[in-house]
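Have a look at the structure below before the remarks.
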Amino acid sequence: MAGAFSGEAAKNIPIDFSSVESLPESRTSSNNFSDVVDDMSMSIPVVDLQDPNAMESISRACGEWGAFQLKNHGIPLSLLKEVDDEIKRFFSLPTEQKEKGARAPGSISGYGSPKLKPFFSNAQWHEGFVIMSSRYDDVKKVFPEDDCARFCETMEEIQKKLKLLVEKVTNIILELLGARGEEEKWAKTDNYALKMYKYPTCPATDRILGLDPHRDTSIVTFLHQTQVEAKTGNEIRAEDQTRGFQVFKEGIGWVPVQMDSNMFVVIVGDVLEILSNGRFKSNLHRVTVSETAYRYSYAYFQRLSREDLLCPIGSPPRFRAITLGEYDVVKFKDPHKALSSISI
């Protein structure tokens with residue numbers, strides 16, 4: 001339990017959601033919950049990667065929405081099902097067992113919640129586990145040896161497949177931008193992370209979010225919602241079967257994404273908005289929670305080196321050139337104004 005930890009380590013450990021019957025006042029969010037689009041027909045575009053016009057569709061989706069769902073991506077659906085099952089199995093472990101792999105202070109990998117400040121409020125209704133660049137030390141602390149092998153092999157396989165897929169989509173985007181030789185190598189970075197989440201049922205869905213509104217720093221993020229599971233004795237509401245992840249559309253509000261378990265959601269990050277000189281917009285997104293259903297998801301990020309220079313492709317430049325390391329410092333100070341603070 002979190003009480004077994006002290007100081008910074010204790011802040012990383014989620015509460016034991018299974019024992020919570022009411023929302024603690026300390027976790028109440030200040031977010032606006034009323035500006036959600038009710039039109040079920042509105043959602044982000046779907047891009048077929050095998051369509052001859054896929055490049056044009058990606059360009060339009062990145063420019064208009066900063067996000068799209070990707071189908072016919074080439075990753076076997078049987079593998080997606082195996083990953084789903086392993087993630088569910090991990091989060092079904094007793095709390096004290098998961099805490100053996102708790103994220104250490106100053107670390108990104110391991111079990112726990114994301115670093116709360118300044119990116120998020122104190123109100124986060126989820127459990128998380130992060131694997132960095134195929135390093136499984138924290139996993140081995142959680143699983144017995146026999147179970148660990150199955151989990152690690154499955155996660156290694158999905159990361160290999162996703163690495164190739166992300167490289168393919170990133171190369172398409174860089175080609176759209178007319179990228180120079182320096183940027184072209186960024187599609188093949190070996191610095192990546194797999195983040196897994198469980199969003200438990202919540203007794204007060206109008207007062208807290210699973211994940212607060214934020215923009216990713218990556219070129220693109222690949223997101224997959226795995227399973228939706230009913231709380232014991234409950235029926236899952238129709239909207240909870242596919243909804244939970246929301247994107248913000250300027251002039252419209254928060255748009256719930258109709259998630260398809262056979263597809264990935266591709267999200268534009270800050271780095272791509274800078275590189276594209278504002279042509280492709282970094283997408284603001286969040287996750288809501290449900291009273292009747294648990295949700296599971298995972299996100300795959302590739303990250304550049306801190307020394308890489310982010311320089312807009314296009315003229316006149318709308319952002320000043322900045323290294324990723326320098327941008328990290330800017331974003332840490334104020335994540336919601338990071339892009340505007342480097343605009344010209």
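In the structure tokens, the first chain shown is A, the next is B, and so on; residue numbers restart at 1 for each chain, and ligands run from 1 in the order shown.
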
Spatial neighbours of segment 282-288 of chain A, 7 Å, only C-alpha atoms, chain gap at least 4 places, as a ChimeraX atom specification = /A:66-67,209-215,244-248,267-270,273

Pick out each residue of segment 86-323 of chain A that DSSP on the backbone tags as strand (DSSP E or B); I need them as JSON, numbers by chain.
-> {"A": [102, 110, 111, 112, 127, 128, 129, 130, 131, 132, 192, 193, 194, 195, 196, 197, 198, 199, 211, 212, 213, 214, 220, 221, 222, 223, 224, 225, 226, 227, 228, 229, 230, 245, 246, 247, 248, 249, 253, 254, 255, 256, 264, 265, 266, 267, 268, 285, 286, 287, 293, 294, 295, 296, 297, 298, 299, 300, 301, 302, 309, 310, 319, 322, 323]}

Mind checking which residues fall within 10 Å of Glu183 of chain A, counting only C-alpha atoms, ignoring those fewer than 3 positions away in the same chain, and posting them as a PyMOL selection string?
-> chain A and resi 171+174+178-180+186-187+275+308-311+313

Could you jot down the atom CA of Ile75 of chain A to atom CA of Ser57 of chain A separation for me, Å, one decimal place?
->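 Value for the atom CA of Ile75 of chain A-atom CA of Ser57 of chain A distance: 20.0 Å.
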
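The coordinates place atom CA of Met55 of chain A at 6.5 Å from atom CA of Ile172 of chain A.
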
Take atom CA of Tyr111 of chain A and atom CA of Glu96 of chain A and report the distance between them in Å, one decimal.
->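 Separating atom CA of Tyr111 of chain A from atom CA of Glu96 of chain A is a distance of 11.2 Å.
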